[in-house]
Amino acid sequence: MQHRIVVLGAGYTGAVAAGRLAKRLHREDVAITLVNPEPDFVERVRLHQLAAGQDLRPRPFDEMFAGTGVALKLAKVTAVDVDRKSVTVTAANGHGREELAYDTLVYALGSGWNDGGVPGTAEHAHDISGRPGALRLRDRLAALEAGRPVTVIGGGLTGLEAATEIAEARPDLDVALAARGALGDWLSDKGRAHLRKVVDGLGITVHENAAVTAVAADRVTTADGRDIPAAVTIWTTGFAAHPIAAATTLELAEGGRIVVDGTMRSVSHPDVYAVGDAAMAIGPEGKPLRMSCASGVPMAWQAADALAARLAGTKVPRVPVRYFQQCISLGRREGLIQFVTADDRAVDRALTGRVAALYKELICKGAAWGVANPTAGMPSRRRRIVRHELPSPARAEAVA
């Protein structure tokens, strides 16, 4: 009997986990099913480029996983029953409902837009957390006449990349950025200085200490009463965990992320692993890992290797997930690589300018290559399964 592994979501983490499991385990012993509503991989870290009018390279899953043994099911997840060990899906075309039984579930549904409950945001703001939103914004910007105001809300990585990309691609627009705190206040002195230089050079108006409390069709309003004009508002203040997990009996942290141990296994259900933005994992210095590709891919490696080891009855590897850098594109010609401590605090070292832009591009290409070539660069020896039922967390810790 094959051990049934169902992987939900084929973003960076889900696709990487599925491919790594296919390489770690013998094909005769496992049936790996990857569930995703779209037939090709979306480079989420490039969606600001898509919104700004650039075309992204298509990466079809049927080509990525050809010959790996991973079965792709084009469907939308509508429910997960972790007590019955089943997943309910609806076909991508909207017709046909099906239940998938599993022995082990890898939950990688990720995150989506978070409007923060701010009045008017859902009605009037654009998001770039997924391809549909980025394409809608792309069309809106393309139709926008010169001189019109575009306001990006959020001074984090996504907001900075969106504002600079749009300002570079459309210098005829009046681009503004509204940040809750000071511009780049988490960066080193060198990082902040370079960021300010690039933003000023692109003609972006920065509104600092500007927490937005309302969004209208033609403006946003801040907590201190300022009105900032906005023919287009782009909301980038953070992400929200996919809501499916909240309807299960999985133990969740505040915000709906699944609580996992150091091997990315659910602390309440040992047959469920969660990776990426869906998981609440603890990193260095006891800090939760932030929602990011930088966290998610190592989490997927850890989960796949731990699951394979447990099924094969070998020692469970434990490689702590840590940070090395924050990579920020500032348009196509400028970038900022802020080096950080293991727990993601900025240090004095930073790369800037064209070198940083090239560095960031290599990181993006490397991440996409890793997804597109899920079994490349790994030992070809696959392990045989010796147990189909996973041990309880307490027993597993003793075995490991």
# chains A, B, ... in the order shown; residues from 1 in each chain; ligands from 1
$ residues_around --residues "Thr221 (chain A)" --least-positions-apart "2" --cutoff "12 Å" --atoms "only C-alpha atoms" --output "mmCIF file with N, CA and C atoms, in the first residue's frame"
data_model
loop_
_atom_site.group_PDB
_atom_site.id
_atom_site.type_symbol
_atom_site.label_atom_id
_atom_site.label_comp_id
_atom_site.auth_asym_id
_atom_site.auth_seq_id
_atom_site.Cartn_x
_atom_site.Cartn_y
_atom_site.Cartn_z
ATOM 1 N N VAL A 118 -9.602 48.271 7.423
ATOM 2 C CA VAL A 118 -9.662 49.727 7.246
ATOM 3 C C VAL A 118 -10.808 50.066 6.301
ATOM 4 N N PRO A 119 -11.713 50.950 6.706
ATOM 5 C CA PRO A 119 -12.876 51.281 5.874
ATOM 6 C C PRO A 119 -12.482 51.733 4.469
ATOM 7 N N GLY A 120 -13.167 51.178 3.484
ATOM 8 C CA GLY A 120 -12.964 51.561 2.099
ATOM 9 C C GLY A 120 -11.868 50.802 1.377
ATOM 10 N N THR A 121 -11.038 50.059 2.108
ATOM 11 C CA THR A 121 -9.913 49.375 1.468
ATOM 12 C C THR A 121 -10.387 48.305 0.489
ATOM 13 N N THR A 151 -0.958 56.067 -4.998
ATOM 14 C CA THR A 151 -0.469 56.032 -3.618
ATOM 15 C C THR A 151 -0.347 54.593 -3.139
ATOM 16 N N ILE A 153 0.268 52.169 0.001
ATOM 17 C CA ILE A 153 0.134 52.170 1.458
ATOM 18 C C ILE A 153 0.961 51.021 2.023
ATOM 19 N N ALA A 178 2.931 55.935 1.550
ATOM 20 C CA ALA A 178 2.532 56.268 2.919
ATOM 21 C C ALA A 178 3.004 55.159 3.850
ATOM 22 N N HIS A 207 5.203 59.931 2.627
ATOM 23 C CA HIS A 207 4.456 60.408 3.787
ATOM 24 C C HIS A 207 4.818 59.493 4.957
ATOM 25 N N ALA A 210 2.416 57.956 8.789
ATOM 26 C CA ALA A 210 1.104 58.191 8.188
ATOM 27 C C ALA A 210 0.299 56.894 8.191
ATOM 28 N N ALA A 211 -0.297 56.572 9.306
ATOM 29 C CA ALA A 211 -1.157 55.397 9.402
ATOM 30 C C ALA A 211 -2.481 55.711 8.714
ATOM 31 N N VAL A 212 -2.822 54.953 7.697
ATOM 32 C CA VAL A 212 -4.034 55.227 6.926
ATOM 33 C C VAL A 212 -5.244 54.625 7.639
ATOM 34 N N THR A 213 -6.273 55.445 7.812
ATOM 35 C CA THR A 213 -7.472 55.018 8.546
ATOM 36 C C THR A 213 -8.707 54.900 7.661
ATOM 37 N N ALA A 214 -8.638 55.380 6.424
ATOM 38 C CA ALA A 214 -9.770 55.270 5.511
ATOM 39 C C ALA A 214 -9.278 55.415 4.074
ATOM 40 N N VAL A 215 -9.955 54.698 3.174
ATOM 41 C CA VAL A 215 -9.632 54.754 1.752
ATOM 42 C C VAL A 215 -10.892 55.113 0.984
ATOM 43 N N ALA A 216 -10.803 56.128 0.137
ATOM 44 C CA ALA A 216 -11.902 56.526 -0.737
ATOM 45 C C ALA A 216 -11.467 56.347 -2.183
ATOM 46 N N ALA A 217 -12.370 56.608 -3.112
ATOM 47 C CA ALA A 217 -12.070 56.396 -4.523
ATOM 48 C C ALA A 217 -10.964 57.314 -5.022
ATOM 49 N N ASP A 218 -10.815 58.476 -4.405
ATOM 50 C CA ASP A 218 -9.859 59.461 -4.909
ATOM 51 C C ASP A 218 -8.834 59.930 -3.885
ATOM 52 N N ARG A 219 -8.806 59.284 -2.706
ATOM 53 C CA ARG A 219 -7.880 59.733 -1.665
ATOM 54 C C ARG A 219 -7.806 58.704 -0.544
ATOM 55 N N ALA A 223 -4.335 58.938 10.143
ATOM 56 C CA ALA A 223 -4.800 59.082 11.522
ATOM 57 C C ALA A 223 -4.711 60.516 12.026
ATOM 58 N N ASP A 224 -3.776 61.288 11.480
ATOM 59 C CA ASP A 224 -3.647 62.679 11.936
ATOM 60 C C ASP A 224 -4.431 63.656 11.068
ATOM 61 N N GLY A 225 -5.332 63.105 10.247
ATOM 62 C CA GLY A 225 -6.243 63.965 9.501
ATOM 63 C C GLY A 225 -5.786 64.390 8.124
ATOM 64 N N ARG A 226 -4.653 63.921 7.666
ATOM 65 C CA ARG A 226 -4.189 64.291 6.330
ATOM 66 C C ARG A 226 -4.967 63.547 5.258
ATOM 67 N N ASP A 227 -5.266 64.231 4.162
ATOM 68 C CA ASP A 227 -5.837 63.597 2.978
ATOM 69 C C ASP A 227 -4.760 63.533 1.906
ATOM 70 N N ILE A 228 -4.493 62.315 1.400
ATOM 71 C CA ILE A 228 -3.494 62.118 0.363
ATOM 72 C C ILE A 228 -4.228 61.717 -0.910
ATOM 73 N N PRO A 229 -4.075 62.477 -1.997
ATOM 74 C CA PRO A 229 -4.802 62.151 -3.230
ATOM 75 C C PRO A 229 -4.359 60.801 -3.794
ATOM 76 N N ALA A 230 -5.309 60.063 -4.369
ATOM 77 C CA ALA A 230 -4.997 58.737 -4.914
ATOM 78 C C ALA A 230 -6.038 58.344 -5.952
ATOM 79 N N THR A 233 -5.064 53.443 -5.377
ATOM 80 C CA THR A 233 -4.472 53.106 -4.083
ATOM 81 C C THR A 233 -4.029 51.647 -4.101
#
$ select_by_dssp --residues "region 13-118 of chain A" --states "strand (DSSP E or B)" --output "NGL selection string"
:A and (25 or 30-36 or 40 or 60 or 70-81 or 86-91 or 97-101 or 104-107 or 111-113)
$ write_last_selection --atoms "N, CA and C atoms" --output "tab-separated table (two decimals), in the first residue's frame"
chain	number	residue	atom	x	y	z
A	25	LEU	N	11.88	9.89	-1.36
A	25	LEU	CA	11.18	8.64	-1.11
A	25	LEU	C	11.02	7.82	-2.38
A	30	VAL	N	5.16	5.72	-2.27
A	30	VAL	CA	4.37	6.92	-1.97
A	30	VAL	C	3.57	7.37	-3.18
A	31	ALA	N	2.44	7.98	-2.90
A	31	ALA	CA	1.64	8.66	-3.92
A	31	ALA	C	1.56	10.12	-3.49
A	32	ILE	N	2.23	11.00	-4.23
A	32	ILE	CA	2.28	12.42	-3.87
A	32	ILE	C	1.36	13.19	-4.80
A	33	THR	N	0.37	13.87	-4.22
A	33	THR	CA	-0.57	14.67	-4.98
A	33	THR	C	-0.41	16.13	-4.59
A	34	LEU	N	-0.20	16.99	-5.58
A	34	LEU	CA	-0.04	18.42	-5.37
A	34	LEU	C	-1.30	19.12	-5.87
A	35	VAL	N	-1.98	19.81	-4.98
A	35	VAL	CA	-3.26	20.46	-5.31
A	35	VAL	C	-3.05	21.95	-5.48
A	36	ASN	N	-3.47	22.48	-6.62
A	36	ASN	CA	-3.33	23.92	-6.88
A	36	ASN	C	-4.37	24.34	-7.90
A	40	ASP	N	0.17	26.80	-13.61
A	40	ASP	CA	1.58	27.18	-13.66
A	40	ASP	C	1.99	27.93	-12.40
A	60	PRO	N	4.94	26.23	-16.44
A	60	PRO	CA	3.88	25.22	-16.27
A	60	PRO	C	4.30	24.09	-15.33
A	70	VAL	N	5.15	13.14	-9.07
A	70	VAL	CA	4.19	14.03	-8.41
A	70	VAL	C	2.99	14.21	-9.33
A	71	ALA	N	1.79	13.94	-8.80
A	71	ALA	CA	0.55	14.11	-9.57
A	71	ALA	C	-0.06	15.47	-9.26
A	72	LEU	N	-0.27	16.29	-10.29
A	72	LEU	CA	-0.86	17.61	-10.11
A	72	LEU	C	-2.36	17.53	-10.27
A	73	LYS	N	-3.08	18.03	-9.27
A	73	LYS	CA	-4.54	18.12	-9.36
A	73	LYS	C	-4.93	19.58	-9.40
A	74	LEU	N	-5.50	20.02	-10.52
A	74	LEU	CA	-5.93	21.41	-10.66
A	74	LEU	C	-7.29	21.56	-9.98
A	75	ALA	N	-7.27	22.11	-8.79
A	75	ALA	CA	-8.48	22.23	-8.00
A	75	ALA	C	-8.29	23.25	-6.90
A	76	LYS	N	-9.41	23.74	-6.39
A	76	LYS	CA	-9.40	24.68	-5.27
A	76	LYS	C	-9.78	23.94	-4.00
A	77	VAL	N	-9.01	24.14	-2.95
A	77	VAL	CA	-9.31	23.51	-1.66
A	77	VAL	C	-10.47	24.26	-1.01
A	78	THR	N	-11.52	23.53	-0.66
A	78	THR	CA	-12.68	24.15	-0.02
A	78	THR	C	-12.85	23.75	1.44
A	79	ALA	N	-12.24	22.65	1.84
A	79	ALA	CA	-12.34	22.22	3.25
A	79	ALA	C	-11.25	21.20	3.55
A	80	VAL	N	-10.83	21.20	4.81
A	80	VAL	CA	-9.86	20.21	5.30
A	80	VAL	C	-10.40	19.63	6.59
A	81	ASP	N	-10.51	18.31	6.66
A	81	ASP	CA	-10.96	17.62	7.87
A	81	ASP	C	-9.78	16.81	8.39
A	86	SER	N	-9.02	14.00	5.44
A	86	SER	CA	-9.50	14.17	4.08
A	86	SER	C	-9.53	15.66	3.71
A	87	VAL	N	-9.44	15.91	2.43
A	87	VAL	CA	-9.48	17.26	1.88
A	87	VAL	C	-10.57	17.32	0.82
A	88	THR	N	-11.40	18.34	0.89
A	88	THR	CA	-12.43	18.53	-0.12
A	88	THR	C	-11.96	19.58	-1.11
A	89	VAL	N	-12.06	19.23	-2.40
A	89	VAL	CA	-11.61	20.16	-3.45
A	89	VAL	C	-12.70	20.31	-4.50
A	90	THR	N	-12.66	21.44	-5.17
A	90	THR	CA	-13.53	21.70	-6.31
A	90	THR	C	-12.66	21.90	-7.53
A	91	ALA	N	-13.03	21.31	-8.64
A	91	ALA	CA	-12.24	21.41	-9.85
A	91	ALA	C	-12.00	22.87	-10.22
A	97	ARG	N	-16.90	18.15	-7.45
A	97	ARG	CA	-16.41	18.18	-6.08
A	97	ARG	C	-15.84	16.81	-5.77
A	98	GLU	N	-14.73	16.78	-5.02
A	98	GLU	CA	-14.05	15.52	-4.77
A	98	GLU	C	-13.42	15.55	-3.38
A	99	GLU	N	-13.33	14.37	-2.76
A	99	GLU	CA	-12.63	14.25	-1.49
A	99	GLU	C	-11.34	13.46	-1.72
A	100	LEU	N	-10.26	14.01	-1.17
A	100	LEU	CA	-8.96	13.34	-1.25
A	100	LEU	C	-8.58	12.84	0.14
A	101	ALA	N	-8.38	11.55	0.27
A	101	ALA	CA	-7.92	10.99	1.54
A	101	ALA	C	-6.39	11.05	1.57
A	104	THR	N	-0.57	11.58	5.08
A	104	THR	CA	0.13	12.76	5.58
A	104	THR	C	-0.27	13.96	4.73
A	105	LEU	N	-0.54	15.07	5.39
A	105	LEU	CA	-0.92	16.30	4.71
A	105	LEU	C	0.19	17.33	4.87
A	106	VAL	N	0.58	17.97	3.77
A	106	VAL	CA	1.49	19.10	3.82
A	106	VAL	C	0.67	20.33	3.44
A	107	TYR	N	0.44	21.18	4.41
A	107	TYR	CA	-0.43	22.35	4.23
A	107	TYR	C	0.43	23.55	3.86
A	111	SER	N	-0.75	32.65	2.14
A	111	SER	CA	-1.45	33.83	2.67
A	111	SER	C	-2.00	34.65	1.52
A	112	GLY	N	-2.84	35.59	1.87
A	112	GLY	CA	-3.42	36.49	0.88
A	112	GLY	C	-3.46	37.90	1.41
A	113	TRP	N	-4.21	38.70	0.72
A	113	TRP	CA	-4.31	40.12	1.04
A	113	TRP	C	-4.91	40.33	2.42
$ closest_residue --among "A:Ile337, A:Ala245, A:Ala146, A:Leu109" --to "Ala231 (chain A)" --atoms "only C-alpha atoms"
A:Ala146
$ select_by_dssp --residues "region 9-221 of chain A" --states "helix (DSSP H, G or I)" --output "PyMOL selection string"
chain A and resi 12-24+44-51+61-64+121-124+131-142+157-169+189-201
$ atom_distance --atom1 "CA of Val260 (chain A)" --atom2 "CA of Ala281 (chain A)"
5.6 Å
$ residues_around --residues "region 353-355 of chain A" --least-positions-apart "5" --cutoff "10 Å" --atoms "only C-alpha atoms" --output "ChimeraX atom specification"
/A:194-195,198,329-330,332-337,360-361
$ closest_residue --among "A:Ala278, A:Trp186, A:Ile234, A:Cys293" --to "Gly255 (chain A)" --atoms "only C-alpha atoms"
A:Ala278
$ residues_around --residues "Leu187 (chain A)" --least-positions-apart "4" --cutoff "9 Å" --atoms "only C-alpha atoms" --output "list in words"
Gly191, Arg192, Gln338, Arg345, Ala346, Val347 and Asp348 of chain A
$ write_last_selection --atoms "N, CA and C atoms" --output "short mmCIF file (atom, residue, chain, number, x, y, z; two decimals), in the first residue's frame"
data_model
loop_
_atom_site.label_atom_id
_atom_site.label_comp_id
_atom_site.auth_asym_id
_atom_site.auth_seq_id
_atom_site.Cartn_x
_atom_site.Cartn_y
_atom_site.Cartn_z
N GLY A 191 21.63 51.53 4.61
CA GLY A 191 20.44 51.11 3.89
C GLY A 191 19.41 52.21 3.78
N ARG A 192 19.17 52.92 4.89
CA ARG A 192 18.20 54.01 4.88
C ARG A 192 18.63 55.13 3.95
N GLN A 338 20.15 44.24 2.46
CA GLN A 338 20.43 44.54 3.85
C GLN A 338 20.79 43.24 4.56
N ARG A 345 17.57 41.03 12.36
CA ARG A 345 17.85 42.43 12.71
C ARG A 345 18.98 42.95 11.84
N ALA A 346 18.81 44.17 11.35
CA ALA A 346 19.79 44.75 10.43
C ALA A 346 21.14 44.93 11.10
N VAL A 347 22.20 44.66 10.33
CA VAL A 347 23.56 44.96 10.76
C VAL A 347 24.09 46.09 9.88
N ASP A 348 25.32 46.50 10.11
CA ASP A 348 25.85 47.65 9.39
C ASP A 348 26.10 47.37 7.91
#
$ residues_around --residues "Thr236 (chain A)" --least-positions-apart "5" --cutoff "7 Å" --atoms "only C-alpha atoms" --output "PyMOL selection string"
chain A and resi 127+153-154+158-159
$ residues_around --residues "Ala163 (chain A)" --least-positions-apart "3" --cutoff "8 Å" --atoms "only C-alpha atoms" --output "JSON list (two decimals) with N, CA and C atoms, in the first residue's frame"
[["chain", "number", "residue", "atom", "x", "y", "z"],
["A", 152, "VAL", "N", 0.85, 54.24, -2.69],
["A", 152, "VAL", "CA", 1.13, 52.92, -2.14],
["A", 152, "VAL", "C", 1.07, 53.02, -0.62],
["A", 159, "GLY", "N", 5.70, 47.18, -0.24],
["A", 159, "GLY", "CA", 5.36, 48.56, -0.58],
["A", 159, "GLY", "C", 6.51, 49.28, -1.26],
["A", 160, "LEU", "N", 7.73, 49.09, -0.76],
["A", 160, "LEU", "CA", 8.89, 49.74, -1.37],
["A", 160, "LEU", "C", 9.11, 49.24, -2.79],
["A", 166, "ILE", "N", 6.78, 50.99, -10.01],
["A", 166, "ILE", "CA", 5.80, 51.78, -10.76],
["A", 166, "ILE", "C", 6.37, 53.15, -11.12],
["A", 167, "ALA", "N", 7.08, 53.77, -10.19],
["A", 167, "ALA", "CA", 7.66, 55.10, -10.46],
["A", 167, "ALA", "C", 8.69, 55.03, -11.59],
["A", 175, "VAL", "N", 3.68, 59.34, -8.04],
["A", 175, "VAL", "CA", 3.69, 58.20, -7.12],
["A", 175, "VAL", "C", 4.03, 58.66, -5.71],
["A", 176, "ALA", "N", 3.25, 58.18, -4.74],
["A", 176, "ALA", "CA", 3.49, 58.50, -3.32],
["A", 176, "ALA", "C", 3.51, 57.21, -2.52],
["A", 177, "LEU", "N", 4.18, 57.26, -1.38],
["A", 177, "LEU", "CA", 4.26, 56.12, -0.47],
["A", 177, "LEU", "C", 3.90, 56.60, 0.93],
["A", 204, "ILE", "N", 9.38, 60.01, -5.91],
["A", 204, "ILE", "CA", 8.31, 59.48, -5.06],
["A", 204, "ILE", "C", 8.13, 60.37, -3.85]]
$ closest_residue --among "A:Val45, A:Lys23, A:Leu252, A:Cys327" --to "Ser266 (chain A)" --atoms "only C-alpha atoms"
A:Leu252
$ atom_distance --atom1 "CA of Lys287 (chain A)" --atom2 "CA of Ala342 (chain A)"
10.3 Å
$ closest_residue --among "A:Val272, A:Ala52, A:Ile258, A:Ala122" --to "Asp83 (chain A)" --atoms "only C-alpha atoms"
A:Val272
